[in-house]
>>> print(open('query21.txt').read())   # compact mmCIF, C-alpha atoms and all ligand atoms
# COMPACT_ATOMS: atom_id res chain seq x y z
CA MET A 16 -0.98 -16.13 -5.27
CA THR A 17 -0.14 -12.76 -6.82
CA LYS A 18 -1.35 -11.56 -10.21
CA ALA A 19 1.97 -12.61 -11.71
CA GLY A 20 1.61 -16.07 -10.18
CA PHE A 21 4.03 -15.67 -7.28
CA MET A 22 3.38 -17.52 -4.04
CA ARG A 23 4.87 -15.56 -1.18
CA LYS A 24 5.09 -17.64 1.97
CA LYS A 25 4.12 -15.56 4.98
CA ILE A 26 6.89 -14.78 7.45
CA ILE A 27 6.16 -13.93 11.08
CA ALA A 28 9.14 -12.73 13.11
CA GLY A 29 9.23 -11.97 16.82
CA ASN A 30 11.40 -9.04 17.85
CA TRP A 31 12.05 -9.59 21.54
CA LYS A 32 13.89 -6.26 21.88
CA MET A 33 15.73 -6.00 25.23
CA TYR A 34 13.57 -8.55 27.01
CA LYS A 35 14.28 -12.04 28.41
CA THR A 36 17.35 -13.42 30.15
CA PRO A 37 18.89 -16.54 28.56
CA ALA A 38 16.90 -18.79 30.92
CA GLU A 39 13.66 -16.94 30.14
CA ALA A 40 14.46 -17.09 26.43
CA VAL A 41 14.83 -20.88 26.57
CA ALA A 42 11.53 -21.21 28.45
CA LEU A 43 9.79 -19.05 25.84
CA VAL A 44 11.04 -21.05 22.85
CA ASP A 45 10.26 -24.31 24.63
CA GLY A 46 6.68 -23.09 24.97
CA LEU A 47 6.62 -21.93 21.38
CA LYS A 48 7.81 -25.27 20.04
CA LYS A 49 5.01 -27.02 21.91
CA ALA A 50 2.39 -24.49 20.82
CA LEU A 51 3.39 -24.58 17.14
CA GLY A 52 3.95 -28.32 16.89
CA GLY A 53 6.23 -28.17 13.85
CA GLN A 54 3.87 -26.16 11.59
CA THR A 55 5.38 -25.28 8.22
CA ALA A 56 2.62 -23.19 6.61
CA VAL A 57 4.26 -19.97 7.76
CA ASP A 58 7.96 -19.11 8.25
CA ALA A 59 8.36 -18.41 11.97
CA VAL A 60 11.41 -16.53 13.27
CA VAL A 61 12.40 -15.46 16.79
CA CYS A 62 14.91 -12.66 17.42
CA PRO A 63 16.16 -12.73 21.02
CA PRO A 64 18.93 -10.52 22.45
CA PHE A 65 22.47 -11.47 21.37
CA VAL A 66 23.36 -13.19 24.65
CA SER A 67 20.64 -15.80 24.13
CA LEU A 68 21.29 -16.65 20.47
CA THR A 69 23.49 -19.70 21.03
CA GLU A 70 21.28 -21.24 23.68
CA VAL A 71 18.06 -20.56 21.78
CA SER A 72 19.63 -22.01 18.62
CA ARG A 73 20.30 -25.24 20.50
CA VAL A 74 16.70 -25.46 21.73
CA LEU A 75 15.28 -24.64 18.28
CA ALA A 76 17.26 -27.32 16.43
CA GLY A 77 14.92 -29.39 14.29
CA SER A 78 11.84 -27.34 15.29
CA GLY A 79 11.37 -25.54 11.97
CA ILE A 80 11.46 -22.19 13.82
CA ALA A 81 14.28 -19.96 12.57
CA LEU A 82 16.53 -17.70 14.60
CA GLY A 83 17.41 -14.06 13.99
CA ALA A 84 19.48 -11.33 15.64
CA GLN A 85 18.31 -7.75 16.18
CA ASN A 86 21.29 -5.92 14.69
CA LEU A 87 24.84 -6.44 13.44
CA PHE A 88 27.96 -4.35 12.93
CA TRP A 89 29.42 -4.29 9.43
CA GLU A 90 33.04 -5.16 10.25
CA ALA A 91 33.87 -8.86 10.71
CA GLU A 92 36.05 -8.26 13.77
CA GLY A 93 38.27 -5.62 15.32
CA ALA A 94 38.54 -2.96 17.98
CA PHE A 95 34.83 -2.08 18.11
CA THR A 96 33.96 -2.42 21.78
CA GLY A 97 30.39 -3.49 22.38
CA GLU A 98 29.63 -4.47 18.78
CA ILE A 99 28.65 -7.88 17.37
CA SER A 100 29.59 -8.97 13.84
CA GLY A 101 27.86 -10.99 11.15
CA PRO A 102 30.21 -13.99 11.44
CA MET A 103 29.56 -14.10 15.21
CA ILE A 104 25.80 -14.03 14.66
CA LYS A 105 26.03 -16.69 11.99
CA ALA A 106 28.20 -18.90 14.23
CA ALA A 107 25.63 -18.51 17.02
CA GLY A 108 23.10 -20.21 14.73
CA ALA A 109 21.08 -17.28 13.37
CA GLU A 110 19.72 -17.17 9.84
CA TYR A 111 18.08 -13.71 9.90
CA VAL A 112 19.02 -10.28 11.20
CA ILE A 113 16.78 -7.26 11.80
CA ILE A 114 18.35 -4.09 10.39
CA GLY A 115 17.38 -0.45 10.91
CA HIS A 116 14.58 -0.93 13.44
CA SER A 117 13.00 2.43 14.26
CA GLU A 118 14.28 2.17 17.84
CA ARG A 119 17.80 2.00 16.44
CA ARG A 120 17.10 4.94 14.13
CA GLN A 121 15.59 6.89 17.05
CA PHE A 122 17.96 6.07 19.93
CA PHE A 123 21.23 4.90 18.34
CA GLY A 124 21.80 7.24 15.42
CA GLU A 125 20.96 4.71 12.70
CA THR A 126 20.60 6.30 9.26
CA ASN A 127 19.86 4.97 5.78
CA ALA A 128 23.62 4.98 5.15
CA THR A 129 24.40 2.82 8.20
CA VAL A 130 21.43 0.56 7.43
CA ASN A 131 22.86 0.10 3.94
CA ARG A 132 26.31 -0.85 5.30
CA ARG A 133 24.78 -3.35 7.72
CA LEU A 134 22.65 -4.79 4.93
CA LYS A 135 25.67 -5.38 2.70
CA ALA A 136 27.49 -6.98 5.64
CA ALA A 137 24.52 -9.29 6.25
CA PHE A 138 24.75 -10.54 2.65
CA SER A 139 28.46 -11.09 2.84
CA TYR A 140 28.06 -13.33 5.89
CA GLY A 141 25.07 -15.26 4.58
CA LEU A 142 22.45 -13.69 6.86
CA LYS A 143 18.96 -12.83 5.62
CA PRO A 144 18.11 -9.21 6.46
CA ILE A 145 14.76 -7.92 7.71
CA VAL A 146 15.02 -4.22 6.84
CA CYS A 147 12.72 -1.86 8.75
CA VAL A 148 11.21 1.28 7.26
CA GLY A 149 8.38 3.56 8.34
CA GLU A 150 7.23 7.05 9.22
CA ASN A 151 6.70 8.56 12.66
CA LEU A 152 3.52 10.27 13.83
CA ALA A 153 4.63 13.82 12.97
CA GLU A 154 5.60 12.68 9.47
CA ARG A 155 2.27 10.91 8.95
CA GLU A 156 0.32 13.93 10.19
CA ALA A 157 2.32 16.21 7.90
CA GLY A 158 1.37 14.03 4.91
CA LYS A 159 4.96 12.83 4.46
CA THR A 160 4.42 9.07 4.85
CA PHE A 161 5.19 8.18 1.25
CA ASP A 162 8.22 10.51 1.05
CA VAL A 163 9.72 9.03 4.21
CA VAL A 164 9.06 5.44 3.19
CA LYS A 165 10.52 6.05 -0.26
CA ASP A 166 13.61 7.63 1.30
CA HIS A 167 14.05 4.69 3.71
CA VAL A 168 13.58 2.07 1.00
CA THR A 169 15.81 3.68 -1.64
CA GLY A 170 18.49 4.71 0.86
CA SER A 171 18.57 1.34 2.61
CA LEU A 172 18.71 -0.70 -0.61
CA ALA A 173 21.21 1.53 -2.45
CA GLY A 174 23.75 -0.35 -4.54
CA LEU A 175 22.12 -3.76 -4.14
CA GLY A 176 21.80 -6.18 -7.04
CA LYS A 177 18.67 -8.11 -8.00
CA GLU A 178 20.19 -11.33 -6.69
CA ASP A 179 20.70 -9.71 -3.25
CA MET A 180 16.97 -9.02 -3.08
CA ASN A 181 16.18 -12.76 -3.05
CA THR A 182 16.88 -12.95 0.66
CA VAL A 183 15.65 -9.50 1.75
CA VAL A 184 12.48 -9.05 3.78
CA ILE A 185 11.21 -5.49 4.25
CA ALA A 186 9.23 -4.65 7.39
CA TYR A 187 6.93 -1.64 7.11
CA GLU A 188 6.57 -0.36 10.64
CA PRO A 189 4.76 2.94 11.16
CA VAL A 190 6.55 4.21 14.26
CA TRP A 191 3.29 5.55 15.74
CA ALA A 192 1.95 1.98 15.81
CA ILE A 193 4.94 0.35 17.54
CA GLY A 194 4.27 -0.57 21.15
CA THR A 195 1.38 1.88 21.31
CA GLY A 196 -1.54 -0.50 20.83
CA LYS A 197 -2.52 1.64 17.79
CA THR A 198 -2.47 -0.60 14.73
CA ALA A 199 -2.55 0.81 11.23
CA THR A 200 -5.80 -0.27 9.62
CA ALA A 201 -5.47 -3.06 7.09
CA ALA A 202 -6.21 -0.50 4.35
CA GLN A 203 -3.59 1.99 5.64
CA ALA A 204 -0.95 -0.75 5.79
CA GLN A 205 -1.87 -2.23 2.39
CA GLU A 206 -1.58 1.20 0.74
CA VAL A 207 2.01 1.59 1.95
CA HIS A 208 2.96 -2.03 1.21
CA LYS A 209 1.76 -1.63 -2.36
CA PHE A 210 3.75 1.58 -2.61
CA ILE A 211 6.91 -0.18 -1.35
CA ARG A 212 6.45 -2.98 -3.89
CA GLY A 213 6.17 -0.32 -6.60
CA ILE A 214 9.44 1.32 -5.50
CA VAL A 215 11.21 -2.04 -5.56
CA ALA A 216 9.83 -2.71 -9.06
CA LYS A 217 11.31 0.61 -10.23
CA LEU A 218 14.65 0.05 -8.48
CA PHE A 219 15.04 -3.56 -9.69
CA ASP A 220 12.27 -5.14 -11.77
CA GLN A 221 8.72 -6.40 -11.47
CA ALA A 222 9.68 -10.03 -10.81
CA THR A 223 11.93 -8.95 -7.91
CA ALA A 224 9.11 -6.82 -6.49
CA ASP A 225 6.57 -9.63 -6.89
CA ALA A 226 8.81 -12.08 -5.03
CA LEU A 227 9.66 -9.69 -2.17
CA ARG A 228 8.09 -10.38 1.22
CA ILE A 229 6.92 -7.24 3.01
CA GLN A 230 5.99 -7.56 6.68
CA TYR A 231 3.78 -5.21 8.63
CA GLY A 232 4.82 -4.28 12.16
CA GLY A 233 3.07 -2.21 14.80
CA SER A 234 0.92 -3.67 17.60
CA VAL A 235 0.15 -6.91 15.74
CA LYS A 236 -1.84 -9.25 17.99
CA PRO A 237 -3.77 -12.51 17.56
CA GLU A 238 -6.99 -10.47 17.12
CA ASN A 239 -5.80 -8.27 14.24
CA ALA A 240 -3.26 -10.49 12.46
CA ALA A 241 -5.61 -12.32 10.11
CA GLU A 242 -7.20 -9.18 8.71
CA LEU A 243 -3.84 -7.50 8.13
CA MET A 244 -2.38 -10.63 6.56
CA SER A 245 -5.32 -11.03 4.19
CA GLN A 246 -4.23 -7.90 2.29
CA PRO A 247 -2.63 -8.66 -1.08
CA ASP A 248 0.71 -6.97 -0.35
CA ILE A 249 1.11 -7.91 3.32
CA ASP A 250 3.27 -11.02 3.56
CA GLY A 251 3.82 -11.37 7.25
CA ALA A 252 4.45 -9.48 10.45
CA LEU A 253 7.26 -8.24 12.64
CA VAL A 254 5.85 -8.60 16.14
CA GLY A 255 7.19 -6.96 19.30
CA GLY A 256 5.10 -7.18 22.46
CA ALA A 257 2.93 -10.11 21.39
CA SER A 258 6.03 -12.20 20.60
CA LEU A 259 7.08 -12.26 24.26
CA LYS A 260 4.49 -14.88 25.20
CA ALA A 261 4.39 -18.28 23.52
CA ASP A 262 0.59 -18.42 23.38
CA SER A 263 0.10 -15.02 21.73
CA PHE A 264 2.93 -15.46 19.20
CA ALA A 265 1.68 -18.96 18.34
CA ALA A 266 -1.89 -17.65 18.04
CA ILE A 267 -0.79 -15.03 15.50
CA ILE A 268 0.85 -17.75 13.41
CA LYS A 269 -2.09 -20.13 13.71
CA ASN A 270 -4.62 -17.41 12.89
CA ILE A 271 -3.00 -16.80 9.53
CA ALA A 272 -1.69 -20.29 8.68
C1 LIG B 1 8.48 -3.98 16.83
O1 LIG B 1 9.18 -3.91 17.80
O2 LIG B 1 9.00 -4.14 15.72
C2 LIG B 1 7.02 -3.91 16.98
C3 LIG B 1 6.27 -3.90 15.93
O3 LIG B 1 6.55 -3.84 18.28
P1 LIG B 1 5.00 -4.02 18.76
O4 LIG B 1 4.48 -5.27 18.10
O5 LIG B 1 5.11 -4.18 20.25
O6 LIG B 1 4.27 -2.80 18.34
>>> encode(input="query21.txt", output="structure tokens")
Amino acid sequence: MTKAGFMRKKIIAGNWKMYKTPAEAVALVDGLKKALGGQTAVDAVVCPPFVSLTEVSRVLAGSGIALGAQNLFWEAEGAFTGEISGPMIKAAGAEYVIIGHSERRQFFGETNATVNRRLKAAFSYGLKPIVCVGENLAEREAGKTFDVVKDHVTGSLAGLGKEDMNTVVIAYEPVWAIGTGKTATAAQAQEVHKFIRGIVAKLFDQATADALRIQYGGSVKPENAAELMSQPDIDGALVGGASLKADSFAAIIKNIA
């Protein structure tokens, strides 16, 4: 419960990146369903590659585990070879979509402007966006963490209305902690989460900021999840590596539930 009396349900999402064939994806969610046994204390989301969305959606039906995609293109359809649109993702059974992951910013030219276009597209097709922000190692070492995070948050959310924010989840992912085994300390993460909530309060209002769920991402594992999640402004996790095995992803959820 926050000071203002808001209950923010924790949300743990697994970003499978470019791992798992459709058959492997089905095996993983089968294992996850068994391991989680229909728990509802925490919102659990899995984000497999596009080619597995439909099949995973079928296996997840009635399980209480939600489905997400890892990206979307902003046009609904057209001559955009290799792209996948919001309506296609929605029709495949997904409820969430990750937008602006640092790997997309780093390797695929994603900018705040393109993140913003994808975000607006997600709303128009009824998908709930998980928007990623966070500094890299050079930026942290140069003392620019707060400048970079502010730039990502304000740029990504530009032009949004308060009502849009109801479905947004922000994931703070320090790039130096992604896939490196180096987790931000609970105090380091909390400091940035609180800062993000403050920016959202200024951009929209305090009630919107209080209701916003902010995930931490960066080498979250069963051993460190509970301490991170016990921080007042950390409302869940975006999990890469540890989401690729049913037992470790389920253990993260159980350790905080
Ligand atoms: C991620 O891909 O968003 C992530 C946080 O990865 P990992 O948990 O492997 O650091």
>>> residues_around(input="query21.txt", residues="stretch 55-71 of chain A", least_positions_apart="3", cutoff="7 Å", atoms="all atoms listed in the file", output="list in words")
Lys24, Lys25, Ile26, Ile27, Ala28, Gly29, Asn30, Trp31, Lys32, Met33, Pro37, Ala40, Val41, Val74, Leu75, Ile80, Ala81, Leu82, Gly83, Ala84, Gln85, Ala107, Gly108, Ile268 and Ala272 of chain A
>>> residues_around(input="query21.txt", residues="A:Ile114", least_positions_apart="4", cutoff="6 Å", atoms="only C-alpha atoms", output="ChimeraX atom specification")
/A:86,145-146
>>> atom_distance(input="query21.txt", atom1="atom CA of A:Ile113", atom2="atom O5 of ligand LIG 1 (chain B)")
14.7 Å
>>> atom_distance(input="query21.txt", atom1="atom CA of A:Ala173", atom2="atom CA of A:Met244")
28.0 Å
>>> closest_residue(input="query21.txt", among="A:Gly170, A:Gly149, A:Gly176, A:Gly158", to="ligand LIG 1 (chain B)", atoms="all atoms listed in the file")
A:Gly149
>>> closest_atom_pairs(input="query21.txt", of="chain A", to="ligand LIG 1 (chain B)", cutoff="9 Å", atoms="all atoms listed in the file", output="tab-separated table")
residue	atom	partner	partner_atom	distance
A:Ala28	CA	B:LIG1	O2	9.0
A:Gly29	CA	B:LIG1	O2	7.9
A:Asn30	CA	B:LIG1	O1	5.6
A:Trp31	CA	B:LIG1	O1	7.4
A:Lys32	CA	B:LIG1	O1	6.7
A:His116	CA	B:LIG1	O2	6.8
A:Ser117	CA	B:LIG1	O2	7.8
A:Glu118	CA	B:LIG1	O1	7.9
A:Cys147	CA	B:LIG1	O2	8.2
A:Ala186	CA	B:LIG1	O2	8.3
A:Glu188	CA	B:LIG1	C3	6.4
A:Pro189	CA	B:LIG1	C3	8.5
A:Val190	CA	B:LIG1	C3	8.3
A:Trp191	CA	B:LIG1	O6	8.8
A:Ala192	CA	B:LIG1	O6	5.9
A:Ile193	CA	B:LIG1	O6	3.3
A:Gly194	CA	B:LIG1	O6	3.6
A:Thr195	CA	B:LIG1	O6	6.3
A:Gly196	CA	B:LIG1	O6	6.7
A:Lys197	CA	B:LIG1	O6	8.1
A:Thr198	CA	B:LIG1	O6	8.0
A:Tyr231	CA	B:LIG1	C3	7.8
A:Gly232	CA	B:LIG1	C3	4.1
A:Gly233	CA	B:LIG1	O6	3.8
A:Ser234	CA	B:LIG1	O6	3.5
A:Val235	CA	B:LIG1	O4	5.2
A:Lys236	CA	B:LIG1	O4	7.5
A:Ala252	CA	B:LIG1	C3	8.0
A:Leu253	CA	B:LIG1	O2	5.4
A:Val254	CA	B:LIG1	O4	4.1
A:Gly255	CA	B:LIG1	O3	3.3
A:Gly256	CA	B:LIG1	O5	3.7
A:Ala257	CA	B:LIG1	O4	6.1
A:Ser258	CA	B:LIG1	O4	7.5
>>> residues_around(input="query21.txt", residues="A:Lys48", least_positions_apart="5", cutoff="10 Å", atoms="all atoms listed in the file", output="JSON, numbers by chain")
{"A": [43, 53, 54, 74, 75, 78, 79, 80, 261, 265]}
>>> atom_distance(input="query21.txt", atom1="atom CA of A:Phe95", atom2="atom CA of A:Lys135")
18.2 Å
>>> closest_atom_pairs(input="query21.txt", of="stretch 91-196 of chain A", to="stretch 203-208 of chain A", cutoff="12 Å", atoms="all atoms listed in the file", output="tab-separated table")
residue	atom	partner	partner_atom	distance
A:Val148	CA	A:Val207	CA	10.6
A:Gly149	CA	A:Val207	CA	9.2
A:Glu150	CA	A:Val207	CA	10.5
A:Arg155	CA	A:Gln203	CA	11.2
A:Lys159	CA	A:Val207	CA	11.9
A:Thr160	CA	A:Val207	CA	8.4
A:Phe161	CA	A:Val207	CA	7.4
A:Asp162	CA	A:Val207	CA	10.9
A:Val163	CA	A:Val207	CA	11.0
A:Val164	CA	A:Val207	CA	8.1
A:Lys165	CA	A:Val207	CA	9.9
A:Val168	CA	A:His208	CA	11.4
A:Ile185	CA	A:His208	CA	9.4
A:Ala186	CA	A:His208	CA	9.2
A:Tyr187	CA	A:His208	CA	7.1
A:Glu188	CA	A:Ala204	CA	9.0
A:Pro189	CA	A:Ala204	CA	8.7
A:Ala192	CA	A:Ala204	CA	10.8
>>> closest_residue(input="query21.txt", among="A:Thr223, A:Ser171, A:Ser245, A:Thr36", to="A:Ala201", atoms="all atoms listed in the file")
A:Ser245
>>> closest_residue(input="query21.txt", among="A:Asp262, A:Glu238, A:Ile214, A:Ala153", to="A:Leu172", atoms="only C-alpha atoms")
A:Ile214
>>> closest_residue(input="query21.txt", among="A:Ser139, A:Thr126, A:Ser72, A:Thr182", to="A:Ser100", atoms="only C-alpha atoms")
A:Ser139
>>> closest_residue(input="query21.txt", among="A:Gly101, A:Val130, A:Gly52, A:Val215", to="A:Gly77", atoms="all atoms listed in the file")
A:Gly52
>>> closest_residue(input="query21.txt", among="A:Ala109, A:Phe88, A:Ile267, A:Ala137", to="A:Glu125", atoms="all atoms listed in the file")
A:Phe88
>>> decode(input="query21.txt", residues="stretch 209-226 of chain A", atoms="C-alpha atoms", output="PDB file, in the first residue's frame")
ATOM      1  CA  LYS A 209      11.248   6.945  -7.164  1.00  0.00           C
ATOM      2  CA  PHE A 210      12.717   9.429  -9.616  1.00  0.00           C
ATOM      3  CA  ILE A 211      10.620   7.975 -12.474  1.00  0.00           C
ATOM      4  CA  ARG A 212       7.459   8.187 -10.364  1.00  0.00           C
ATOM      5  CA  GLY A 213       8.296  11.841  -9.687  1.00  0.00           C
ATOM      6  CA  ILE A 214       8.662  12.576 -13.413  1.00  0.00           C
ATOM      7  CA  VAL A 215       5.305  10.935 -14.119  1.00  0.00           C
ATOM      8  CA  ALA A 216       3.701  12.999 -11.343  1.00  0.00           C
ATOM      9  CA  LYS A 217       5.025  16.174 -12.999  1.00  0.00           C
ATOM     10  CA  LEU A 218       3.997  15.094 -16.507  1.00  0.00           C
ATOM     11  CA  PHE A 219       0.495  13.945 -15.477  1.00  0.00           C
ATOM     12  CA  ASP A 220      -0.517  14.107 -11.812  1.00  0.00           C
ATOM     13  CA  GLN A 221       0.207  12.455  -8.481  1.00  0.00           C
ATOM     14  CA  ALA A 222      -2.649   9.943  -8.705  1.00  0.00           C
ATOM     15  CA  THR A 223      -1.395   8.750 -12.109  1.00  0.00           C
ATOM     16  CA  ALA A 224       2.124   8.404 -10.717  1.00  0.00           C
ATOM     17  CA  ASP A 225       0.892   6.555  -7.625  1.00  0.00           C
ATOM     18  CA  ALA A 226      -1.042   4.057  -9.738  1.00  0.00           C
TER      19      ALA A 226
END
